[in-house]
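Asker: Sending over upload34.cif (mmCIF, C-alpha atoms and all ligand atoms).
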data_entry
loop_
_atom_site.group_PDB
_atom_site.id
_atom_site.type_symbol
_atom_site.label_atom_id
_atom_site.label_comp_id
_atom_site.auth_asym_id
_atom_site.auth_seq_id
_atom_site.Cartn_x
_atom_site.Cartn_y
_atom_site.Cartn_z
ATOM 1 C CA MET Y 1 33.614 -24.806 24.073
ATOM 2 C CA SER Y 2 31.047 -27.255 25.463
ATOM 3 C CA SER Y 3 27.461 -27.088 24.225
ATOM 4 C CA SER Y 4 26.208 -26.130 27.703
ATOM 5 C CA GLU Y 5 28.611 -23.213 27.675
ATOM 6 C CA ILE Y 6 27.219 -22.146 24.300
ATOM 7 C CA ASP Y 7 23.699 -22.468 25.691
ATOM 8 C CA ARG Y 8 24.561 -20.006 28.457
ATOM 9 C CA GLN Y 9 25.950 -17.294 26.134
ATOM 10 C CA TRP Y 10 23.773 -14.186 26.049
ATOM 11 C CA THR Y 11 23.928 -14.135 22.238
ATOM 12 C CA THR Y 12 22.580 -17.698 22.073
ATOM 13 C CA ARG Y 13 19.851 -17.022 24.650
ATOM 14 C CA LEU Y 14 18.799 -13.772 22.950
ATOM 15 C CA ARG Y 15 18.678 -15.394 19.505
ATOM 16 C CA ARG Y 16 16.539 -18.280 20.773
ATOM 17 C CA ARG Y 17 14.156 -15.888 22.522
ATOM 18 C CA VAL Y 18 13.735 -13.747 19.408
ATOM 19 C CA GLU Y 19 13.299 -16.860 17.247
ATOM 20 C CA GLY Y 20 10.651 -18.193 19.621
ATOM 21 C CA LYS Y 21 8.699 -14.944 19.897
ATOM 22 C CA LEU Y 22 9.011 -13.695 16.360
ATOM 23 C CA PRO Y 23 9.842 -16.395 13.783
ATOM 24 C CA PRO Y 24 10.226 -14.999 10.214
ATOM 25 C CA GLU Y 25 6.823 -16.379 9.140
ATOM 26 C CA LYS Y 26 5.200 -14.313 11.920
ATOM 27 C CA LEU Y 27 7.239 -11.199 11.105
ATOM 28 C CA LEU Y 28 6.261 -11.298 7.422
ATOM 29 C CA PRO Y 29 3.177 -13.542 7.214
ATOM 30 C CA ASP Y 30 1.752 -14.775 3.901
ATOM 31 C CA THR Y 31 -1.913 -14.566 4.904
ATOM 32 C CA GLN Y 32 -4.143 -12.848 7.438
ATOM 33 C CA PRO Y 33 -7.486 -13.900 8.949
ATOM 34 C CA ASN Y 34 -10.629 -13.159 6.896
ATOM 35 C CA TYR Y 35 -11.790 -10.318 9.169
ATOM 36 C CA VAL Y 36 -8.677 -8.281 8.299
ATOM 37 C CA SER Y 37 -10.083 -7.618 4.794
ATOM 38 C CA SER Y 38 -11.607 -4.274 5.762
ATOM 39 C CA TRP Y 39 -10.574 -0.733 4.873
ATOM 40 C CA ILE Y 40 -10.098 0.106 8.553
ATOM 41 C CA TYR Y 41 -6.906 -2.016 8.608
ATOM 42 C CA VAL Y 42 -5.403 0.111 5.831
ATOM 43 C CA PHE Y 43 -4.990 3.128 8.098
ATOM 44 C CA GLY Y 44 -2.129 1.760 10.223
ATOM 45 C CA VAL Y 45 -0.108 1.158 7.067
ATOM 46 C CA ALA Y 46 -1.202 4.534 5.641
ATOM 47 C CA THR Y 47 0.132 6.201 8.818
ATOM 48 C CA MET Y 48 3.403 4.315 8.458
ATOM 49 C CA SER Y 49 3.776 5.268 4.782
ATOM 50 C CA ALA Y 50 3.054 8.927 5.553
ATOM 51 C CA LEU Y 51 5.683 8.814 8.320
ATOM 52 C CA PHE Y 52 8.184 7.488 5.779
ATOM 53 C CA VAL Y 53 7.534 10.482 3.454
ATOM 54 C CA VAL Y 54 7.704 12.906 6.435
ATOM 55 C CA ILE Y 55 11.163 11.589 7.393
ATOM 56 C CA ALA Y 56 12.445 11.486 3.792
ATOM 57 C CA THR Y 57 11.353 15.082 3.004
ATOM 58 C CA GLY Y 58 12.611 16.219 6.438
ATOM 59 C CA CYS Y 59 16.047 14.815 5.565
ATOM 60 C CA ILE Y 60 16.097 16.814 2.318
ATOM 61 C CA LEU Y 61 15.110 20.002 4.224
ATOM 62 C CA ALA Y 62 17.939 19.306 6.696
ATOM 63 C CA LEU Y 63 20.454 18.906 3.870
ATOM 64 C CA ARG Y 64 19.597 22.210 2.185
ATOM 65 C CA GLY Y 65 18.607 24.506 5.089
ATOM 66 C CA PRO Y 66 16.133 27.390 5.706
ATOM 67 C CA GLN Y 67 17.416 29.818 3.009
ATOM 68 C CA TRP Y 68 16.711 27.116 0.457
ATOM 69 C CA TRP Y 69 13.285 26.028 1.721
ATOM 70 C CA HIS Y 70 12.097 29.650 2.001
ATOM 71 C CA GLY Y 71 13.788 30.986 -1.113
ATOM 72 C CA SER Y 72 13.505 28.538 -4.002
ATOM 73 C CA ALA Y 73 10.645 26.879 -5.858
ATOM 74 C CA TYR Y 74 12.112 23.409 -5.305
ATOM 75 C CA GLY Y 75 12.575 24.255 -1.616
ATOM 76 C CA HIS Y 76 8.936 25.354 -1.331
ATOM 77 C CA PHE Y 77 7.905 22.130 -3.013
ATOM 78 C CA ILE Y 78 9.800 19.866 -0.579
ATOM 79 C CA ASN Y 79 8.622 22.023 2.350
ATOM 80 C CA SER Y 80 5.021 21.546 1.161
ATOM 81 C CA LEU Y 81 5.518 17.789 0.739
ATOM 82 C CA HIS Y 82 6.801 17.718 4.338
ATOM 83 C CA LEU Y 83 3.761 19.645 5.620
ATOM 84 C CA TRP Y 84 1.149 17.715 3.652
ATOM 85 C CA SER Y 85 2.593 14.294 4.472
ATOM 86 C CA VAL Y 86 2.338 15.347 8.135
ATOM 87 C CA GLU Y 87 -1.334 16.245 7.551
ATOM 88 C CA ILE Y 88 -1.961 12.790 6.028
ATOM 89 C CA PHE Y 89 0.052 11.175 8.860
ATOM 90 C CA PHE Y 90 -2.152 12.688 11.585
ATOM 91 C CA PHE Y 91 -5.370 12.194 9.607
ATOM 92 C CA SER Y 92 -4.740 8.474 9.114
ATOM 93 C CA MET Y 93 -3.384 8.048 12.657
ATOM 94 C CA VAL Y 94 -6.659 9.417 14.078
ATOM 95 C CA VAL Y 95 -8.813 7.153 11.859
ATOM 96 C CA HIS Y 96 -6.492 4.244 12.849
ATOM 97 C CA LEU Y 97 -6.836 4.919 16.570
ATOM 98 C CA TRP Y 98 -10.621 5.361 16.368
ATOM 99 C CA GLY Y 99 -10.749 1.984 14.606
ATOM 100 C CA LYS Y 100 -8.590 0.306 17.276
ATOM 101 C CA PHE Y 101 -10.676 1.939 20.008
ATOM 102 C CA ALA Y 102 -13.896 0.616 18.461
ATOM 103 C CA MET Y 103 -12.377 -2.890 18.238
ATOM 104 C CA ALA Y 104 -10.998 -2.658 21.792
ATOM 105 C CA ALA Y 105 -7.781 -3.825 20.135
ATOM 106 C CA TRP Y 106 -5.948 -3.834 23.488
ATOM 107 C CA ARG Y 107 -7.640 -7.164 24.318
ATOM 108 C CA GLY Y 108 -5.701 -10.444 24.654
ATOM 109 C CA GLY Y 109 -2.431 -9.108 26.043
ATOM 110 C CA ARG Y 110 -2.152 -6.244 23.556
ATOM 111 C CA THR Y 111 -1.869 -3.517 26.214
ATOM 112 C CA LEU Y 112 1.672 -2.621 25.119
ATOM 113 C CA THR Y 113 0.573 -2.305 21.479
ATOM 114 C CA TRP Y 114 -2.090 0.213 22.512
ATOM 115 C CA MET Y 115 0.237 2.061 24.902
ATOM 116 C CA THR Y 116 3.094 2.347 22.368
ATOM 117 C CA GLY Y 117 0.421 3.813 20.055
ATOM 118 C CA VAL Y 118 -0.638 6.340 22.704
ATOM 119 C CA ILE Y 119 2.957 7.445 23.354
ATOM 120 C CA THR Y 120 3.721 7.628 19.610
ATOM 121 C CA PHE Y 121 0.688 9.881 19.247
ATOM 122 C CA LEU Y 122 1.916 12.197 22.029
ATOM 123 C CA ALA Y 123 5.482 12.213 20.638
ATOM 124 C CA SER Y 124 4.085 13.048 17.178
ATOM 125 C CA VAL Y 125 2.071 15.995 18.542
ATOM 126 C CA ALA Y 126 5.216 17.316 20.256
ATOM 127 C CA THR Y 127 7.174 16.843 17.005
ATOM 128 C CA ALA Y 128 4.552 18.848 15.098
ATOM 129 C CA PHE Y 129 4.565 21.680 17.674
ATOM 130 C CA THR Y 130 8.376 21.958 17.668
ATOM 131 C CA GLY Y 131 8.163 21.893 13.853
ATOM 132 C CA TYR Y 132 5.858 24.917 13.874
ATOM 133 C CA VAL Y 133 8.359 26.909 15.963
ATOM 134 C CA SER Y 134 11.286 25.749 13.785
ATOM 135 C CA GLN Y 135 9.949 27.204 10.542
ATOM 136 C CA SER Y 136 12.157 30.324 10.907
ATOM 137 C CA ASN Y 137 9.563 32.784 9.644
ATOM 138 C CA PHE Y 138 7.033 35.244 11.148
ATOM 139 C CA ASP Y 139 4.604 32.383 11.784
ATOM 140 C CA SER Y 140 7.093 30.543 14.016
ATOM 141 C CA GLN Y 141 7.959 33.804 15.827
ATOM 142 C CA TRP Y 142 4.281 34.419 16.487
ATOM 143 C CA ILE Y 143 3.622 30.854 17.654
ATOM 144 C CA SER Y 144 6.626 30.723 19.996
ATOM 145 C CA THR Y 145 5.870 34.105 21.597
ATOM 146 C CA GLN Y 146 2.269 32.957 22.134
ATOM 147 C CA ALA Y 147 3.361 29.596 23.563
ATOM 148 C CA LYS Y 148 6.088 30.846 25.934
ATOM 149 C CA ASP Y 149 3.781 32.244 28.644
ATOM 150 C CA GLY Y 150 1.754 29.061 28.974
ATOM 151 C CA ILE Y 151 4.852 26.864 29.069
ATOM 152 C CA ASN Y 152 6.665 29.198 31.495
ATOM 153 C CA ALA Y 153 3.603 29.113 33.760
ATOM 154 C CA THR Y 154 4.045 25.346 34.101
ATOM 155 C CA GLY Y 155 7.712 25.755 35.050
ATOM 156 C CA ALA Y 156 8.849 23.659 32.078
ATOM 157 C CA GLY Y 157 10.224 26.766 30.339
ATOM 158 C CA ALA Y 158 13.522 26.409 32.186
ATOM 159 C CA TYR Y 159 14.209 23.159 30.318
ATOM 160 C CA PHE Y 160 12.054 23.601 27.250
ATOM 161 C CA ASN Y 161 12.370 27.161 25.948
ATOM 162 C CA VAL Y 162 10.177 27.724 22.879
ATOM 163 C CA LEU Y 163 12.042 30.983 22.129
ATOM 164 C CA ASN Y 164 15.321 29.042 21.773
ATOM 165 C CA LEU Y 165 15.320 28.178 18.073
ATOM 166 C CA GLY Y 166 18.408 25.969 18.356
ATOM 167 C CA GLN Y 167 16.861 23.877 21.122
ATOM 168 C CA MET Y 168 13.483 23.611 19.356
ATOM 169 C CA LEU Y 169 15.139 22.590 16.078
ATOM 170 C CA MET Y 170 17.140 19.867 17.864
ATOM 171 C CA TRP Y 171 13.969 18.522 19.485
ATOM 172 C CA HIS Y 172 12.216 18.640 16.112
ATOM 173 C CA ILE Y 173 14.871 17.004 13.949
ATOM 174 C CA VAL Y 174 16.708 14.698 16.391
ATOM 175 C CA LEU Y 175 15.042 13.689 19.655
ATOM 176 C CA LEU Y 176 11.340 13.569 18.796
ATOM 177 C CA PRO Y 177 11.568 11.974 15.317
ATOM 178 C CA LEU Y 178 13.920 9.365 16.804
ATOM 179 C CA ALA Y 179 11.331 8.638 19.511
ATOM 180 C CA ALA Y 180 8.501 8.491 16.960
ATOM 181 C CA VAL Y 181 10.383 6.109 14.640
ATOM 182 C CA VAL Y 182 11.646 3.800 17.412
ATOM 183 C CA LEU Y 183 8.180 3.676 19.023
ATOM 184 C CA THR Y 184 6.543 2.971 15.657
ATOM 185 C CA ALA Y 185 8.985 0.108 15.023
ATOM 186 C CA LEU Y 186 8.210 -1.310 18.481
ATOM 187 C CA HIS Y 187 4.454 -0.877 17.869
ATOM 188 C CA ILE Y 188 4.599 -2.833 14.626
ATOM 189 C CA VAL Y 189 6.835 -5.589 16.033
ATOM 190 C CA LEU Y 190 4.302 -5.983 18.888
ATOM 191 C CA VAL Y 191 1.447 -6.257 16.358
ATOM 192 C CA ARG Y 192 3.401 -8.989 14.543
ATOM 193 C CA ILE Y 193 4.210 -10.877 17.765
ATOM 194 C CA LYS Y 194 0.594 -10.870 18.966
ATOM 195 C CA GLY Y 195 -1.157 -11.198 15.592
ATOM 196 C CA VAL Y 196 -4.234 -9.147 14.686
ATOM 197 C CA VAL Y 197 -6.836 -9.038 17.459
ATOM 198 C CA PRO Y 198 -9.837 -11.334 16.715
ATOM 199 C CA PRO Y 199 -13.305 -9.701 16.559
ATOM 200 C CA PHE Y 200 -15.703 -9.815 19.499
ATOM 201 C CA GLU Y 201 -17.501 -13.142 19.627
ATOM 202 C CA GLU Y 202 -21.049 -12.998 18.337
ATOM 203 C CA ASN Y 203 -22.377 -15.258 21.110
ATOM 204 C CA PRO Y 204 -19.826 -15.006 23.878
ATOM 205 C CA VAL Y 205 -19.642 -18.063 26.102
ATOM 206 C CA VAL Y 206 -20.634 -16.995 29.602
ATOM 207 C CA GLU Y 207 -18.580 -18.990 32.052
ATOM 208 C CA ASN Y 208 -20.558 -21.107 34.524
ATOM 209 C CA ALA Y 209 -23.797 -20.181 32.768
ATOM 210 C CA GLU Y 210 -26.608 -22.661 33.295
ATOM 211 C CA VAL Y 211 -27.957 -24.469 30.264
ATOM 212 C CA THR Y 212 -31.703 -23.901 30.200
ATOM 213 C CA GLN Y 213 -32.946 -25.885 27.206
ATOM 214 C CA MET X 1 3.543 29.298 -12.600
ATOM 215 C CA ALA X 2 0.387 31.060 -13.802
ATOM 216 C CA PHE X 3 -1.538 27.887 -13.079
ATOM 217 C CA ILE X 4 -0.144 27.706 -9.539
ATOM 218 C CA LEU X 5 -0.963 31.383 -8.920
ATOM 219 C CA SER X 6 -4.537 30.982 -10.168
ATOM 220 C CA PHE X 7 -4.910 27.899 -7.967
ATOM 221 C CA ALA X 8 -3.571 29.765 -4.939
ATOM 222 C CA ALA X 9 -6.051 32.570 -5.607
ATOM 223 C CA LEU X 10 -8.881 30.163 -4.791
ATOM 224 C CA ILE X 11 -7.882 30.289 -1.121
ATOM 225 C CA PRO X 12 -7.688 33.838 0.251
ATOM 226 C CA LEU X 13 -4.611 33.766 2.492
ATOM 227 C CA ASP X 14 -4.372 37.505 3.205
ATOM 228 C CA SER X 15 -7.646 37.760 5.121
ATOM 229 C CA LEU X 16 -8.536 36.756 8.672
ATOM 230 C CA GLY X 17 -9.335 33.094 9.323
ATOM 231 C CA HIS X 18 -12.963 32.029 9.642
ATOM 232 C CA TYR X 19 -14.213 30.719 12.966
ATOM 233 C CA ILE X 20 -17.336 28.924 14.112
ATOM 234 C CA HIS X 21 -18.731 30.136 17.445
ATOM 235 C CA TRP X 22 -21.196 27.881 19.199
ATOM 236 C CA GLY X 23 -21.701 28.679 22.863
ATOM 237 C CA TRP X 24 -18.287 28.255 24.460
ATOM 238 C CA VAL X 25 -17.100 26.169 21.496
ATOM 239 C CA GLU X 26 -14.813 28.061 19.124
ATOM 240 C CA ILE X 27 -13.158 26.272 16.231
ATOM 241 C CA SER X 28 -11.642 27.390 12.946
ATOM 242 C CA VAL X 29 -13.539 26.372 9.814
ATOM 243 C CA ALA X 30 -10.395 24.592 8.546
ATOM 244 C CA ASN X 31 -10.121 22.422 11.675
ATOM 245 C CA PHE X 32 -13.864 21.758 11.638
ATOM 246 C CA ILE X 33 -13.704 20.549 8.011
ATOM 247 C CA ILE X 34 -10.779 18.226 8.865
ATOM 248 C CA ILE X 35 -12.708 16.674 11.778
ATOM 249 C CA VAL X 36 -15.799 16.154 9.584
ATOM 250 C CA LEU X 37 -13.597 14.543 6.890
ATOM 251 C CA MET X 38 -11.998 12.223 9.474
ATOM 252 C CA ILE X 39 -15.421 11.113 10.740
ATOM 253 C CA ALA X 40 -16.608 10.579 7.135
ATOM 254 C CA THR X 41 -13.448 8.574 6.339
ATOM 255 C CA PHE X 42 -13.928 6.459 9.483
ATOM 256 C CA ILE X 43 -17.546 5.650 8.568
ATOM 257 C CA ALA X 44 -16.537 4.848 4.967
ATOM 258 C CA ALA X 45 -13.666 2.625 6.209
ATOM 259 C CA ILE X 46 -15.964 0.435 8.318
ATOM 260 C CA THR X 47 -18.849 0.290 5.818
ATOM 261 C CA ALA X 48 -17.335 0.282 2.299
ATOM 262 C CA PRO X 49 -16.833 -3.228 0.883
ATOM 263 C CA PHE X 50 -13.184 -4.264 0.695
ATOM 264 C CA PRO X 51 -12.151 -5.488 -2.784
ATOM 265 C CA GLY X 52 -11.452 -9.215 -2.988
ATOM 266 C CA ARG X 53 -13.105 -10.081 0.308
ATOM 267 C CA ARG X 54 -14.391 -13.630 0.281
ATOM 268 C CA ARG X 55 -17.903 -13.772 1.698
ATOM 269 C CA ARG X 56 -18.351 -17.030 3.547
ATOM 270 C CA LYS X 57 -22.078 -17.631 3.284
ATOM 271 C CA GLU X 58 -21.999 -21.213 4.557
ATOM 272 C CA ASN X 59 -21.415 -19.980 8.085
ATOM 273 C CA ARG X 60 -24.705 -18.163 8.525
HETATM 274 C C1 LIG F 301 2.953 6.526 14.166
HETATM 275 C C2 LIG F 301 1.727 6.155 14.419
HETATM 276 C C3 LIG F 301 1.202 4.753 14.201
HETATM 277 C C4 LIG F 301 1.559 3.845 13.245
HETATM 278 C C5 LIG F 301 2.591 4.002 12.115
HETATM 279 C C6 LIG F 301 0.768 2.659 13.481
HETATM 280 C C7 LIG F 301 0.834 1.506 12.713
HETATM 281 C C8 LIG F 301 0.115 0.345 12.950
HETATM 282 C C9 LIG F 301 0.048 -0.780 12.068
HETATM 283 C C10 LIG F 301 0.744 -0.889 10.708
HETATM 284 C C11 LIG F 301 -0.738 -1.728 12.659
HETATM 285 C C12 LIG F 301 -1.147 -3.089 12.095
HETATM 286 C C13 LIG F 301 -2.204 -2.930 11.022
HETATM 287 C C14 LIG F 301 -3.489 -2.337 11.533
HETATM 288 O O1 LIG F 301 -4.192 -2.987 12.333
HETATM 289 O O2 LIG F 301 -3.804 -1.216 11.105
HETATM 290 C C15 LIG F 301 -1.156 -1.201 13.952
HETATM 291 C C16 LIG F 301 -1.934 -1.859 14.874
HETATM 292 C C17 LIG F 301 -2.398 -1.318 16.080
HETATM 293 N N1 LIG F 301 -2.335 0.031 16.440
HETATM 294 FE FE1 LIG F 301 -1.195 1.422 15.529
HETATM 295 N N2 LIG F 301 -0.042 2.860 14.590
HETATM 296 C C18 LIG F 301 0.185 4.133 15.047
HETATM 297 C C19 LIG F 301 -0.456 4.753 16.110
HETATM 298 C C20 LIG F 301 -1.382 4.146 16.950
HETATM 299 C C21 LIG F 301 -2.147 4.805 17.982
HETATM 300 C C22 LIG F 301 -2.099 6.308 18.257
HETATM 301 C C23 LIG F 301 -2.904 3.843 18.611
HETATM 302 C C24 LIG F 301 -3.862 3.958 19.768
HETATM 303 C C25 LIG F 301 -3.717 4.754 20.772
HETATM 304 C C26 LIG F 301 -2.606 2.574 17.976
HETATM 305 C C27 LIG F 301 -3.133 1.351 18.355
HETATM 306 C C28 LIG F 301 -2.944 0.160 17.684
HETATM 307 C C29 LIG F 301 -3.383 -1.141 18.149
HETATM 308 C C30 LIG F 301 -4.073 -1.449 19.492
HETATM 309 C C31 LIG F 301 -3.023 -2.061 17.152
HETATM 310 C C32 LIG F 301 -3.213 -3.596 17.198
HETATM 311 C C33 LIG F 301 -4.404 -4.014 16.426
HETATM 312 C C34 LIG F 301 -4.613 -5.489 16.453
HETATM 313 O O3 LIG F 301 -3.952 -6.234 17.186
HETATM 314 O O4 LIG F 301 -5.485 -5.899 15.723
HETATM 315 N N3 LIG F 301 -1.700 2.799 16.944
HETATM 316 N N4 LIG F 301 -0.629 0.075 14.092
#
Give the structure from the file, written as structure tokens.

Answerer:
Amino acid sequence: MSSSEIDRQWTTRLRRRVEGKLPPEKLLPDTQPNYVSSWIYVFGVATMSALFVVIATGCILALRGPQWWHGSAYGHFINSLHLWSVEIFFFSMVVHLWGKFAMAAWRGGRTLTWMTGVITFLASVATAFTGYVSQSNFDSQWISTQAKDGINATGAGAYFNVLNLGQMLMWHIVLLPLAAVVLTALHIVLVRIKGVVPPFEENPVVENAEVTQ
Amino acid sequence: MAFILSFAALIPLDSLGHYIHWGWVEISVANFIIIVLMIATFIAAITAPFPGRRRRKENR
């Protein structure tokens, strides 16, 4: 095979593009700029760590099933870990997004980073709601019967039926967590490609400004 | 077990939830506390000194 033929292969082109955009030293950098040494930057990683615990405990709940998580001490424990890691996940996500909002961290071509964050937030809220109706107890019965009228009024009830436990459980343990994890991965890869947004300049240079001294 | 039960007794779970009413605003005390804690955490995160931060005095 000639070298020009190799150059035209999609595998070669894709590899070169990935290498150009995200070389290993950018994916896992050794240092960060000085302004990153602030507690506010900890909350993105805190959100990610909480998400990891949410998924891990969710997998254990899936392996053992509702009889186990309602009926045994160990089951209650894992169920509680799942709930409380979700609480920490949302808590740190909100502090994270307030921080990014205050920094206007969508500057410098970081629109997609912000938007993947927005959609991850919405997907996470939907995951939490479907989780509440998947508990398989009186609480989930109450919540789903309260929610059905509002959702039916929008017309979405034909496709998204909160009284259908099977459907809600599938959304909660397959579709939405998959979306949340894939979007989070994309979000973090985008942060690595773009690098951390620099702070606002203290004395921004006004273009075409006249020098008066 | 006794420890867990005595801990659980601190939070009365068999009574009605508490709500704050303020004009048309209605929010449960639990949600209100969470929001206050998030605001407090945000303020702490942008003001508390970060360990190991090198202060570069020569610049200003
Ligand atoms: C599953 C939820 C999320 C996870 C795991 C996550 C994780 C992260 C991490 C690890 C970083 C880099 C470190 C940092 O600056 O904190 C980051 C940066 C960023 N996040 Fe998130 N995030 C999430 C949700 C959000 C949301 C809801 C928004 C806003 C709507 C958002 C906006 C941003 C922006 C704009 C940056 C880039 C900051 C920069 O370039 O300096 N993220 N995220």

Asker: Counting all atoms listed in the file, what are the residues, protein, DNA or RNA alike, that approach ligand LIG 301 (chain F) to within 6 Å? I want them as a PDB file with C-alpha atoms, in the coordinates of the input.

Answerer:
ATOM      1  CA  TYR Y  41      -6.906  -2.016   8.608  1.00  0.00           C
ATOM      2  CA  VAL Y  42      -5.403   0.111   5.831  1.00  0.00           C
ATOM      3  CA  PHE Y  43      -4.990   3.128   8.098  1.00  0.00           C
ATOM      4  CA  GLY Y  44      -2.129   1.760  10.223  1.00  0.00           C
ATOM      5  CA  VAL Y  45      -0.108   1.158   7.067  1.00  0.00           C
ATOM      6  CA  THR Y  47       0.132   6.201   8.818  1.00  0.00           C
ATOM      7  CA  MET Y  48       3.403   4.315   8.458  1.00  0.00           C
ATOM      8  CA  MET Y  93      -3.384   8.048  12.657  1.00  0.00           C
ATOM      9  CA  LEU Y  97      -6.836   4.919  16.570  1.00  0.00           C
ATOM     10  CA  LYS Y 100      -8.590   0.306  17.276  1.00  0.00           C
ATOM     11  CA  ALA Y 105      -7.781  -3.825  20.135  1.00  0.00           C
ATOM     12  CA  TRP Y 106      -5.948  -3.834  23.488  1.00  0.00           C
ATOM     13  CA  THR Y 113       0.573  -2.305  21.479  1.00  0.00           C
ATOM     14  CA  TRP Y 114      -2.090   0.213  22.512  1.00  0.00           C
ATOM     15  CA  GLY Y 117       0.421   3.813  20.055  1.00  0.00           C
ATOM     16  CA  VAL Y 118      -0.638   6.340  22.704  1.00  0.00           C
ATOM     17  CA  THR Y 120       3.721   7.628  19.610  1.00  0.00           C
ATOM     18  CA  PHE Y 121       0.688   9.881  19.247  1.00  0.00           C
ATOM     19  CA  THR Y 184       6.543   2.971  15.657  1.00  0.00           C
ATOM     20  CA  ILE Y 188       4.599  -2.833  14.626  1.00  0.00           C
ATOM     21  CA  VAL Y 191       1.447  -6.257  16.358  1.00  0.00           C
ATOM     22  CA  GLY Y 195      -1.157 -11.198  15.592  1.00  0.00           C
ATOM     23  CA  VAL Y 196      -4.234  -9.147  14.686  1.00  0.00           C
ATOM     24  CA  VAL Y 197      -6.836  -9.038  17.459  1.00  0.00           C
TER      25      VAL Y 197
END

Asker: Counting all atoms listed in the file, which residues of chain Y come no farther than 6 Å from chain X, as an MDAnalysis selection string?

Answerer: chainID Y and resid 37:40 95

Asker: Using the file's own x, y and z axes, what box holds all listed atoms of range 33-36 of chain X with 3 Å on each side, keeping edges along x, y and z, and what are its centre and edge lengths in Å to one decimal, as lines of an AutoDock Vina configuration file?

Answerer:
center_x = -13.3
center_y = 18.4
center_z = 9.9
size_x = 11.0
size_y = 10.4
size_z = 9.8

Asker: Enter the distance from CA of Asp149 in chain Y to CA of Trp69 in chain Y, in Å, rounded to one decimal.

Answerer: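 Separation of CA of Asp149 in chain Y and CA of Trp69 in chain Y: 29.2 Å.
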
Asker: From the set Y:Leu165, Y:Gln135, Y:Thr116, Y:Ser124, which residue has the shortest atom-to-atom contact distance to Asn79 in chain Y, counting all atoms listed in the file?

Answerer: Y:Gln135

Asker: Expanded to explicit residues, what is the PyMOL selection byres (((chain Y and resi 52) around 12) and not hetatm) for this file, as a PDB file with C-alpha atoms, in the frame of the given file?

Answerer:
ATOM      1  CA  VAL Y  45      -0.108   1.158   7.067  1.00  0.00           C
ATOM      2  CA  ALA Y  46      -1.202   4.534   5.641  1.00  0.00           C
ATOM      3  CA  THR Y  47       0.132   6.201   8.818  1.00  0.00           C
ATOM      4  CA  MET Y  48       3.403   4.315   8.458  1.00  0.00           C
ATOM      5  CA  SER Y  49       3.776   5.268   4.782  1.00  0.00           C
ATOM      6  CA  ALA Y  50       3.054   8.927   5.553  1.00  0.00           C
ATOM      7  CA  LEU Y  51       5.683   8.814   8.320  1.00  0.00           C
ATOM      8  CA  VAL Y  53       7.534  10.482   3.454  1.00  0.00           C
ATOM      9  CA  VAL Y  54       7.704  12.906   6.435  1.00  0.00           C
ATOM     10  CA  ILE Y  55      11.163  11.589   7.393  1.00  0.00           C
ATOM     11  CA  ALA Y  56      12.445  11.486   3.792  1.00  0.00           C
ATOM     12  CA  THR Y  57      11.353  15.082   3.004  1.00  0.00           C
ATOM     13  CA  GLY Y  58      12.611  16.219   6.438  1.00  0.00           C
ATOM     14  CA  CYS Y  59      16.047  14.815   5.565  1.00  0.00           C
ATOM     15  CA  LEU Y  81       5.518  17.789   0.739  1.00  0.00           C
ATOM     16  CA  HIS Y  82       6.801  17.718   4.338  1.00  0.00           C
ATOM     17  CA  SER Y  85       2.593  14.294   4.472  1.00  0.00           C
ATOM     18  CA  VAL Y  86       2.338  15.347   8.135  1.00  0.00           C
ATOM     19  CA  ILE Y  88      -1.961  12.790   6.028  1.00  0.00           C
ATOM     20  CA  PHE Y  89       0.052  11.175   8.860  1.00  0.00           C
ATOM     21  CA  PRO Y 177      11.568  11.974  15.317  1.00  0.00           C
ATOM     22  CA  ALA Y 180       8.501   8.491  16.960  1.00  0.00           C
ATOM     23  CA  VAL Y 181      10.383   6.109  14.640  1.00  0.00           C
ATOM     24  CA  THR Y 184       6.543   2.971  15.657  1.00  0.00           C
ATOM     25  CA  ALA Y 185       8.985   0.108  15.023  1.00  0.00           C
TER      26      ALA Y 185
END

Asker: Could you expand the PyMOL selection byres (((chain X and resi 29-31) around 6) and not hetatm) into the explicit residues it covers here, written as an mmCIF file with C-alpha atoms, in the frame of the given file?

Answerer:
data_model
loop_
_atom_site.group_PDB
_atom_site.id
_atom_site.type_symbol
_atom_site.label_atom_id
_atom_site.label_comp_id
_atom_site.auth_asym_id
_atom_site.auth_seq_id
_atom_site.Cartn_x
_atom_site.Cartn_y
_atom_site.Cartn_z
ATOM 1 C CA HIS X 18 -12.963 32.029 9.642
ATOM 2 C CA TYR X 19 -14.213 30.719 12.966
ATOM 3 C CA SER X 28 -11.642 27.390 12.946
ATOM 4 C CA PHE X 32 -13.864 21.758 11.638
ATOM 5 C CA ILE X 33 -13.704 20.549 8.011
ATOM 6 C CA ILE X 34 -10.779 18.226 8.865
#

Asker: Which distance in Å separates CA of Leu190 in chain Y and CA of Leu122 in chain Y, to one decimal?

Answerer: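 It comes out at 18.6 Å.
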
Asker: What is the distance between CA of Val36 in chain Y and CA of Met103 in chain Y, in Å to one decimal?

Answerer: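 According to the coordinates, CA of Val36 in chain Y and CA of Met103 in chain Y are separated by 11.9 Å.
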
Asker: Run the PyMOL selection byres (((chain Y and resi 148) around 8) and not hetatm) against the file shown and list the residues it catches, as an MDAnalysis selection string.

Answerer: chainID Y and resid 144:147 149:152 157 161:163

Asker: Nearest residue to Thr111 in chain Y out of Y:His172, Y:His70, Y:His76, Y:His187, using only C-alpha atoms?

Answerer: Y:His187

Asker: With distances taken over only C-alpha atoms, which residue among Y:Trp171, Y:Arg16, Y:Ile6, Y:Trp68 lies nearest Tyr132 in chain Y?

Answerer: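 The closest residue to Tyr132 in chain Y is Y:Trp171.
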